[in-house]
>>> print(open('target06.cif').read())   # mmCIF, C-alpha atoms
data_query
loop_
_atom_site.label_atom_id
_atom_site.label_comp_id
_atom_site.auth_asym_id
_atom_site.auth_seq_id
_atom_site.Cartn_x
_atom_site.Cartn_y
_atom_site.Cartn_z
CA ALA A 1 -67.16 47.78 -27.43
CA ALA A 2 -70.45 48.18 -29.30
CA SER A 3 -70.65 44.43 -29.92
CA SER A 4 -69.96 43.74 -26.24
CA GLN A 5 -72.74 46.10 -25.18
CA ALA A 6 -75.13 44.40 -27.59
CA HIS A 7 -74.51 41.10 -25.79
CA GLY A 8 -74.58 42.60 -22.31
CA VAL A 9 -70.96 41.84 -21.38
CA GLU A 10 -67.96 43.89 -20.28
CA PRO A 11 -65.68 44.83 -23.21
CA LEU A 12 -62.44 42.88 -23.30
CA GLY A 13 -59.44 45.07 -22.55
CA ILE A 14 -57.41 44.00 -25.57
CA ALA A 15 -54.71 46.47 -26.52
CA THR A 16 -54.85 47.18 -30.26
CA GLY A 17 -52.06 49.72 -30.47
CA THR A 18 -52.24 53.32 -31.63
CA GLY A 19 -54.05 52.63 -34.87
CA GLU A 20 -50.94 53.44 -36.89
CA ALA A 21 -50.36 49.77 -37.73
CA ALA A 22 -52.51 46.64 -37.97
CA PHE A 23 -52.30 44.05 -35.19
CA GLY A 24 -52.42 40.37 -36.07
CA CYS A 25 -52.67 38.61 -32.69
CA ALA A 26 -55.46 38.71 -30.12
CA VAL A 27 -54.74 37.06 -26.76
CA VAL A 28 -57.60 36.51 -24.33
CA GLY A 29 -56.86 35.45 -20.76
CA PRO A 30 -58.77 35.48 -17.45
CA HIS A 31 -57.19 38.80 -16.47
CA LEU A 32 -59.15 40.74 -19.11
CA VAL A 33 -62.43 40.67 -17.17
CA ALA A 34 -62.46 40.81 -13.38
CA ALA A 35 -63.90 37.81 -11.56
CA ASP A 36 -66.43 39.99 -9.73
CA LYS A 37 -67.78 40.97 -13.13
CA GLY A 38 -68.22 37.38 -14.23
CA GLY A 39 -64.88 36.76 -15.88
CA VAL A 40 -64.40 35.95 -19.55
CA THR A 41 -67.30 33.94 -20.99
CA ALA A 42 -68.43 32.52 -24.30
CA LEU A 43 -70.40 35.73 -24.92
CA HIS A 44 -67.17 37.72 -24.78
CA VAL A 45 -65.77 35.52 -27.54
CA ARG A 46 -68.94 36.04 -29.56
CA ALA A 47 -68.76 39.80 -29.12
CA LEU A 48 -65.06 39.92 -29.99
CA LEU A 49 -65.43 37.90 -33.18
CA GLU A 50 -68.56 39.74 -34.26
CA GLY A 51 -66.62 42.96 -33.80
CA PHE A 52 -63.92 41.73 -36.14
CA SER A 53 -66.54 40.61 -38.66
CA LEU A 54 -68.61 43.81 -38.58
CA SER A 55 -65.52 45.96 -39.02
CA ALA A 56 -64.28 43.75 -41.88
CA TYR A 57 -60.93 43.57 -40.11
CA GLY A 58 -58.64 41.63 -42.43
CA TYR A 59 -55.40 41.37 -40.49
CA LEU A 60 -56.11 39.00 -37.59
CA GLN A 61 -53.71 36.07 -37.88
CA THR A 62 -53.72 34.52 -34.39
CA LEU A 63 -56.47 34.07 -31.84
CA ALA A 64 -55.25 32.75 -28.48
CA LEU A 65 -57.63 31.96 -25.63
CA TRP A 66 -55.86 30.71 -22.53
CA ASN A 67 -57.55 29.43 -19.38
CA VAL A 68 -60.93 31.01 -20.05
CA PRO A 69 -64.06 28.82 -19.56
CA ILE A 70 -65.76 29.43 -22.89
CA GLY A 71 -66.78 25.78 -23.27
CA ASP A 72 -68.61 24.37 -26.26
CA ASP A 73 -70.65 27.55 -26.70
CA GLY A 74 -67.50 29.61 -27.18
CA ALA A 75 -66.15 27.01 -29.62
CA ALA A 76 -69.41 27.23 -31.57
CA TYR A 77 -69.09 31.02 -31.84
CA LEU A 78 -65.54 30.59 -33.09
CA ALA A 79 -66.78 28.05 -35.64
CA LEU A 80 -69.23 30.62 -37.01
CA TYR A 81 -66.39 33.10 -37.45
CA LEU A 82 -64.25 30.48 -39.22
CA ARG A 83 -66.98 30.05 -41.82
CA ARG A 84 -66.97 33.73 -42.75
CA ARG A 85 -65.20 34.76 -45.92
CA SER A 86 -63.59 37.63 -44.03
CA CYS A 87 -61.77 35.21 -41.67
CA THR A 88 -57.99 35.54 -41.98
CA LEU A 89 -56.95 33.42 -38.99
CA ARG A 90 -53.91 31.23 -39.44
CA SER A 91 -53.41 30.08 -35.84
CA ILE A 92 -55.96 29.16 -33.15
CA GLU A 93 -55.05 28.40 -29.54
CA LEU A 94 -57.81 27.21 -27.22
CA ASN A 95 -55.87 26.05 -24.18
CA ASP A 96 -57.72 25.01 -21.01
CA CYS A 97 -61.02 26.45 -22.20
CA GLY A 98 -63.41 23.66 -21.25
CA VAL A 99 -63.97 22.58 -24.86
CA GLY A 100 -65.76 19.23 -25.11
CA GLU A 101 -66.99 16.87 -27.79
CA LEU A 102 -69.56 19.33 -29.17
CA GLY A 103 -66.97 22.08 -29.37
CA CYS A 104 -64.62 19.76 -31.27
CA LYS A 105 -67.43 18.88 -33.65
CA ALA A 106 -68.19 22.54 -34.29
CA ILE A 107 -64.57 23.53 -34.89
CA GLY A 108 -63.84 20.46 -37.01
CA GLY A 109 -66.90 21.12 -39.15
CA ALA A 110 -65.94 24.76 -39.66
CA LEU A 111 -62.40 23.82 -40.66
CA GLU A 112 -63.66 21.33 -43.21
CA ASP A 113 -63.80 24.06 -45.86
CA ASN A 114 -61.55 26.66 -44.21
CA ALA A 115 -58.48 27.58 -46.27
CA THR A 116 -56.59 29.91 -43.92
CA VAL A 117 -55.96 28.11 -40.60
CA ARG A 118 -52.61 26.34 -40.40
CA CYS A 119 -52.26 25.66 -36.65
CA LEU A 120 -54.87 24.38 -34.18
CA GLN A 121 -53.98 23.99 -30.50
CA LEU A 122 -56.51 22.39 -28.16
CA ASP A 123 -54.31 21.51 -25.17
CA LEU A 124 -55.73 20.91 -21.68
CA ASN A 125 -59.32 20.40 -22.83
CA ALA A 126 -60.68 17.12 -21.45
CA PHE A 127 -62.75 16.15 -24.51
CA GLY A 128 -61.28 12.62 -24.53
CA ASP A 129 -61.69 10.04 -27.26
CA ALA A 130 -65.12 11.40 -28.23
CA GLY A 131 -63.61 14.80 -29.04
CA ALA A 132 -60.82 13.22 -31.08
CA ARG A 133 -63.42 11.25 -33.03
CA ALA A 134 -65.47 14.41 -33.66
CA LEU A 135 -62.43 16.22 -35.05
CA GLY A 136 -61.50 13.24 -37.19
CA ALA A 137 -64.92 13.18 -38.81
CA SER A 138 -64.28 16.51 -40.57
CA LEU A 139 -60.59 17.46 -40.57
CA PRO A 140 -59.49 15.03 -43.31
CA SER A 141 -61.40 17.22 -45.79
CA ASN A 142 -59.34 20.27 -44.83
CA LYS A 143 -56.55 21.20 -47.23
CA GLY A 144 -54.42 23.61 -45.21
CA LEU A 145 -54.03 22.61 -41.54
CA THR A 146 -50.41 21.64 -40.88
CA SER A 147 -50.17 21.52 -37.08
CA LEU A 148 -52.52 19.97 -34.51
CA SER A 149 -51.88 19.82 -30.77
CA MET A 150 -54.04 17.83 -28.35
CA GLN A 151 -51.83 17.61 -25.27
CA TYR A 152 -53.37 16.49 -21.96
CA CYS A 153 -56.85 16.04 -23.45
CA GLY A 154 -57.83 12.80 -21.72
CA LEU A 155 -57.26 10.47 -24.67
CA THR A 156 -57.00 6.73 -23.95
CA GLU A 157 -55.43 3.77 -25.73
CA ALA A 158 -58.55 3.48 -27.90
CA ALA A 159 -57.77 6.93 -29.32
CA GLY A 160 -54.85 5.45 -31.28
CA ALA A 161 -57.18 3.78 -33.76
CA ILE A 162 -59.51 6.80 -33.70
CA LEU A 163 -56.65 9.12 -34.66
CA ALA A 164 -55.37 6.71 -37.30
CA GLY A 165 -58.77 6.61 -38.97
CA GLY A 166 -59.51 10.29 -38.45
CA VAL A 167 -57.13 13.24 -38.11
CA LEU A 168 -54.18 11.27 -39.52
CA ARG A 169 -56.02 11.08 -42.83
CA LEU A 170 -55.54 14.84 -43.12
CA PRO A 171 -53.02 15.01 -46.00
CA SER A 172 -51.49 18.37 -45.06
CA LEU A 173 -50.84 17.52 -41.38
CA ALA A 174 -47.11 17.91 -40.67
CA SER A 175 -47.06 18.01 -36.85
CA LEU A 176 -49.15 16.12 -34.30
CA GLU A 177 -48.67 16.66 -30.55
CA LEU A 178 -50.28 14.14 -28.17
CA ARG A 179 -48.23 14.58 -25.00
CA GLY A 180 -49.79 13.71 -21.67
CA ASN A 181 -52.53 11.43 -22.99
CA ASP A 182 -52.83 7.87 -21.67
CA LEU A 183 -52.38 6.23 -25.06
CA GLY A 184 -50.11 3.48 -23.80
CA SER A 185 -47.97 1.44 -26.17
CA GLY A 186 -51.02 0.11 -28.01
CA GLY A 187 -52.33 3.55 -28.86
CA VAL A 188 -48.95 4.85 -30.02
CA VAL A 189 -48.49 1.75 -32.20
CA GLU A 190 -51.76 2.58 -34.01
CA VAL A 191 -50.59 6.14 -34.62
CA LEU A 192 -47.20 5.00 -35.96
CA ARG A 193 -48.77 2.43 -38.24
CA ALA A 194 -50.93 5.13 -39.80
CA LEU A 195 -47.77 6.81 -41.07
CA VAL A 196 -46.41 3.88 -43.12
CA PRO A 197 -47.54 2.42 -46.49
CA LEU A 198 -48.81 -0.93 -45.17
CA HIS A 199 -51.46 0.85 -43.13
CA ALA A 200 -52.00 3.94 -45.29
CA GLY A 201 -53.22 2.71 -48.66
CA GLY A 202 -49.79 1.95 -50.06
CA GLN A 203 -48.24 5.37 -49.46
CA PRO A 204 -46.61 6.91 -46.39
CA HIS A 205 -48.30 9.93 -44.87
CA PRO A 206 -47.59 12.72 -47.38
CA ALA A 207 -46.70 15.48 -44.91
CA MET A 208 -46.10 14.23 -41.36
CA ALA A 209 -42.71 15.48 -40.15
CA HIS A 210 -43.11 15.54 -36.35
CA LEU A 211 -44.86 13.25 -33.90
CA GLY A 212 -45.01 14.11 -30.20
CA VAL A 213 -46.01 11.25 -27.89
CA ALA A 214 -44.13 12.22 -24.72
CA ASP A 215 -45.57 11.07 -21.39
CA THR A 216 -48.18 8.80 -22.96
CA GLY A 217 -47.41 5.70 -20.89
CA CYS A 218 -45.69 3.84 -23.73
CA ALA A 219 -42.39 1.94 -23.71
CA ILE A 220 -39.97 1.49 -26.62
CA GLU A 221 -40.05 -2.29 -26.73
CA GLY A 222 -41.83 -5.15 -28.44
CA GLU A 223 -44.58 -4.14 -30.85
CA LEU A 224 -43.97 -0.44 -30.41
CA HIS A 225 -40.27 -0.88 -31.18
CA GLU A 226 -41.21 -2.73 -34.37
CA ALA A 227 -43.74 -0.07 -35.39
CA LEU A 228 -41.21 2.68 -34.75
CA THR A 229 -38.56 0.93 -36.85
CA ALA A 230 -41.08 0.40 -39.65
CA CYS A 231 -41.86 4.12 -39.58
CA PHE A 232 -38.16 4.92 -39.90
CA ASP A 233 -37.87 2.49 -42.82
CA GLU A 234 -40.98 3.42 -44.76
CA ASN A 235 -41.60 7.10 -44.07
CA PRO A 236 -38.61 9.28 -45.02
CA LEU A 237 -40.52 12.51 -44.33
CA CYS A 238 -41.10 11.98 -40.60
CA GLY A 239 -37.82 12.94 -39.00
CA SER A 240 -38.77 14.31 -35.57
CA PHE A 241 -40.08 12.30 -32.62
CA ASP A 242 -40.70 13.34 -29.02
CA MET A 243 -40.85 10.18 -26.89
CA ARG A 244 -39.77 11.55 -23.54
CA GLY A 245 -41.04 9.44 -20.69
CA ALA A 246 -40.94 6.22 -22.72
CA PRO A 247 -38.55 3.68 -21.14
CA LEU A 248 -35.97 2.04 -23.39
CA GLY A 249 -33.11 -0.29 -22.56
CA ASP A 250 -29.43 0.30 -23.25
CA THR A 251 -29.41 -2.21 -26.12
CA THR A 252 -32.34 -0.50 -27.82
CA ALA A 253 -30.78 2.92 -27.31
CA TYR A 254 -27.52 1.79 -28.92
CA GLU A 255 -29.41 0.19 -31.81
CA LEU A 256 -31.35 3.38 -32.49
CA ILE A 257 -28.24 5.57 -32.38
CA THR A 258 -26.55 3.28 -34.89
CA LEU A 259 -29.57 3.37 -37.20
CA PHE A 260 -29.76 7.17 -37.08
CA LYS A 261 -26.07 7.50 -37.96
CA LYS A 262 -25.87 4.90 -40.73
CA VAL A 263 -29.34 4.20 -42.12
CA HIS A 264 -32.12 6.56 -41.07
CA THR A 265 -30.26 9.81 -41.50
CA HIS A 266 -33.54 11.65 -42.13
CA VAL A 267 -34.34 11.36 -38.39
CA HIS A 268 -32.91 14.61 -37.09
CA ALA A 269 -34.64 14.74 -33.69
CA PHE A 270 -35.46 11.86 -31.36
CA GLU A 271 -36.13 12.98 -27.80
CA VAL A 272 -36.11 10.51 -24.91
CA SER A 273 -35.72 10.86 -21.16
CA ALA A 274 -32.47 10.09 -19.42
#
>>> encode(input="target06.cif", output="structure tokens")
Amino acid sequence: AASSQAHGVEPLGIATGTGEAAFGCAVVGPHLVAADKGGVTALHVRALLEGFSLSAYGYLQTLALWNVPIGDDGAAYLALYLRRRSCTLRSIELNDCGVGELGCKAIGGALEDNATVRCLQLDLNAFGDAGARALGASLPSNKGLTSLSMQYCGLTEAAGAILAGGVLRLPSLASLELRGNDLGSGGVVEVLRALVPLHAGGQPHPAMAHLGVADTGCAIEGELHEALTACFDENPLCGSFDMRGAPLGDTTAYELITLFKKVHTHVHAFEVSA
């Protein structure tokens, strides 16, 4: 409350319990500050995080901001918190928060040396290819992030190569979600190729276990079919694929089922639409 007053904003009504036990998750949504009082803003995020810092609170594991227009300013305040030694966050969710290229740059730069965050979710922020490039400029230096979600973020086919040369060079990344971006077959091919030795310096990606490319406008045929098969052949770690919305013919479906049963037994999940 004191930090909120210092920044001239209404305190966020976050329930912290009775004080008898530490709480590890802070969820911020539009309901916390009434619209007639200005709603949740970037200054609220600043006040909240400064409050955690000033109190040396060492138990916060998850920060979730959902549908609050904090924009790049809010992302920058979060980046400052991530650089503090007292930061204990392991999971960050910034869904539909108006984060753009500058916000991605700030968060990516802060995570470059961060050792605690394992999961970063940036869904429904229309930062496009520029935002993906900004993240990719810094994230490969991170040593702990295992899960990255950029669903419905306005990525285009060109983002395939951007991701391959950027975030997919992050050695600890085990899960990448790209659903709802207009990558097309060409973009998905670039992502798949980044996971196999021929296009990754002679070694398959060391950690990738799940790739989500549902509803990206791709089709399991031609070059994409070849890239997918190569990934099955050359990367035994990646065993989960979400390709819902990608058309595939009966012959291809039968071929894949046969491969999963007899050859690529490491593929334990392969989701497609009926």
>>> residues_near_point(input="target06.cif", point="(-43.8, 15.6, -31.5)", cutoff="7 Å", atoms="all atoms listed in the file", output="list in words")
Ser175, Leu176, Glu177, His210, Leu211, Gly212, Val213, Ser240, Phe241 and Asp242 of chain A
>>> resolve_selection(input="target06.cif", expression="the PyMOL selection byres ((chain A and resi 244) around 8)", output="list in words")
Val213, Ala214, Asp215, Asp242, Met243, Gly245, Ala246, Glu271, Val272 and Ser273 of chain A
>>> atom_distance(input="target06.cif", atom1="atom CA of A:Leu135", atom2="atom CA of A:Leu195")
18.4 Å
>>> atom_distance(input="target06.cif", atom1="atom CA of A:Leu259", atom2="atom CA of A:Val189")
19.6 Å
>>> residues_around(input="target06.cif", residues="A:Ile257", least_positions_apart="4", cutoff="12 Å", atoms="all atoms listed in the file", output="VMD selection string")
chain A and resid 250 to 253 261 to 265 267 to 272
>>> resolve_selection(input="target06.cif", expression="the PyMOL selection byres ((chain A and resi 39) around 12)", output="list of chain:residue names")
A:Val9, A:Glu10, A:Pro11, A:Leu12, A:Gly13, A:Val28, A:Gly29, A:Pro30, A:His31, A:Leu32, A:Val33, A:Ala34, A:Ala35, A:Asp36, A:Lys37, A:Gly38, A:Val40, A:Thr41, A:Ala42, A:Leu43, A:His44, A:Val45, A:Asn67, A:Val68, A:Pro69, A:Ile70
>>> resolve_selection(input="target06.cif", expression="the PyMOL selection byres ((chain A and resi 158) around 10)", output="number ranges by chain")
A: 129, 155-157, 159-163, 182-184, 186-188, 190
>>> atom_distance(input="target06.cif", atom1="atom CA of A:Pro247", atom2="atom CA of A:Thr216")
11.1 Å
>>> closest_residue(input="target06.cif", among="A:Ile92, A:Cys97, A:Leu82, A:Val191", to="A:Gln61", atoms="all atoms listed in the file")
A:Ile92
>>> residues_around(input="target06.cif", residues="A:Tyr59", least_positions_apart="3", cutoff="10 Å", atoms="all atoms listed in the file", output="PyMOL selection string")
chain A and resi 22-25+52+56+62+86-89
>>> residues_around(input="target06.cif", residues="stretch 119-124 of chain A", least_positions_apart="6", cutoff="8 Å", atoms="all atoms listed in the file", output="list in words")
Arg90, Ser91, Ile92, Glu93, Leu94, Asn95, Asp96, Cys97, Leu145, Thr146, Ser147, Leu148, Ser149, Met150, Gln151, Tyr152 and Cys153 of chain A
>>> closest_residue(input="target06.cif", among="A:Leu168, A:Leu192, A:Gly239, A:Met208", to="A:Leu224", atoms="only C-alpha atoms")
A:Leu192
>>> build_atoms(input="target06.cif", residues="stretch 67-98 of chain A", atoms="N, CA and C atoms", output="short mmCIF file (atom, residue, chain, number, x, y, z; two decimals), in the coordinates of the input")
data_model
loop_
_atom_site.label_atom_id
_atom_site.label_comp_id
_atom_site.auth_asym_id
_atom_site.auth_seq_id
_atom_site.Cartn_x
_atom_site.Cartn_y
_atom_site.Cartn_z
N ASN A 67 -56.97 29.57 -20.71
CA ASN A 67 -57.55 29.43 -19.38
C ASN A 67 -58.78 30.31 -19.18
N VAL A 68 -59.66 30.31 -20.17
CA VAL A 68 -60.93 31.01 -20.05
C VAL A 68 -62.05 30.00 -20.33
N PRO A 69 -63.05 29.89 -19.47
CA PRO A 69 -64.06 28.82 -19.56
C PRO A 69 -65.15 29.10 -20.59
N ILE A 70 -64.77 29.13 -21.85
CA ILE A 70 -65.76 29.43 -22.89
C ILE A 70 -66.58 28.20 -23.28
N GLY A 71 -66.05 27.01 -23.02
CA GLY A 71 -66.78 25.78 -23.27
C GLY A 71 -67.17 25.57 -24.72
N ASP A 72 -68.15 24.70 -24.91
CA ASP A 72 -68.61 24.37 -26.26
C ASP A 72 -69.32 25.54 -26.93
N ASP A 73 -69.97 26.39 -26.13
CA ASP A 73 -70.65 27.55 -26.70
C ASP A 73 -69.64 28.50 -27.34
N GLY A 74 -68.54 28.74 -26.64
CA GLY A 74 -67.50 29.61 -27.18
C GLY A 74 -66.89 29.02 -28.45
N ALA A 75 -66.69 27.69 -28.43
CA ALA A 75 -66.15 27.01 -29.62
C ALA A 75 -67.11 27.15 -30.79
N ALA A 76 -68.41 27.09 -30.51
CA ALA A 76 -69.41 27.23 -31.57
C ALA A 76 -69.39 28.64 -32.17
N TYR A 77 -69.19 29.66 -31.33
CA TYR A 77 -69.09 31.02 -31.84
C TYR A 77 -67.84 31.18 -32.71
N LEU A 78 -66.76 30.55 -32.28
CA LEU A 78 -65.54 30.59 -33.09
C LEU A 78 -65.78 29.90 -34.43
N ALA A 79 -66.50 28.78 -34.41
CA ALA A 79 -66.78 28.05 -35.64
C ALA A 79 -67.55 28.92 -36.64
N LEU A 80 -68.48 29.72 -36.13
CA LEU A 80 -69.23 30.62 -37.01
C LEU A 80 -68.30 31.63 -37.68
N TYR A 81 -67.34 32.13 -36.90
CA TYR A 81 -66.39 33.10 -37.45
C TYR A 81 -65.51 32.44 -38.51
N LEU A 82 -65.11 31.19 -38.27
CA LEU A 82 -64.25 30.48 -39.22
C LEU A 82 -64.94 30.27 -40.57
N ARG A 83 -66.24 30.26 -40.57
CA ARG A 83 -66.98 30.05 -41.82
C ARG A 83 -67.16 31.33 -42.63
N ARG A 84 -66.81 32.45 -42.04
CA ARG A 84 -66.97 33.73 -42.75
C ARG A 84 -65.85 33.92 -43.78
N ARG A 85 -66.19 34.50 -44.88
CA ARG A 85 -65.20 34.76 -45.92
C ARG A 85 -64.15 35.75 -45.46
N SER A 86 -64.52 36.60 -44.51
CA SER A 86 -63.59 37.63 -44.03
C SER A 86 -62.56 37.07 -43.05
N CYS A 87 -62.69 35.81 -42.65
CA CYS A 87 -61.77 35.21 -41.67
C CYS A 87 -60.37 35.08 -42.26
N THR A 88 -59.38 35.62 -41.54
CA THR A 88 -57.99 35.54 -41.98
C THR A 88 -57.11 34.79 -40.99
N LEU A 89 -57.72 34.13 -40.02
CA LEU A 89 -56.95 33.42 -38.99
C LEU A 89 -56.06 32.34 -39.58
N ARG A 90 -54.84 32.29 -39.07
CA ARG A 90 -53.91 31.23 -39.44
C ARG A 90 -53.58 30.33 -38.24
N SER A 91 -53.75 30.84 -37.04
CA SER A 91 -53.41 30.08 -35.84
C SER A 91 -54.48 30.26 -34.77
N ILE A 92 -54.95 29.14 -34.20
CA ILE A 92 -55.96 29.16 -33.15
C ILE A 92 -55.43 28.41 -31.94
N GLU A 93 -55.47 29.05 -30.78
CA GLU A 93 -55.05 28.40 -29.54
C GLU A 93 -56.21 28.46 -28.55
N LEU A 94 -56.75 27.31 -28.22
CA LEU A 94 -57.81 27.21 -27.22
C LEU A 94 -57.30 26.30 -26.11
N ASN A 95 -56.50 26.84 -25.23
CA ASN A 95 -55.87 26.05 -24.18
C ASN A 95 -56.62 26.18 -22.85
N ASP A 96 -57.04 25.03 -22.30
CA ASP A 96 -57.72 25.01 -21.01
C ASP A 96 -58.97 25.88 -21.05
N CYS A 97 -59.82 25.63 -22.02
CA CYS A 97 -61.02 26.45 -22.20
C CYS A 97 -62.31 25.67 -21.98
N GLY A 98 -62.21 24.44 -21.51
CA GLY A 98 -63.41 23.66 -21.25
C GLY A 98 -64.13 23.19 -22.50
#
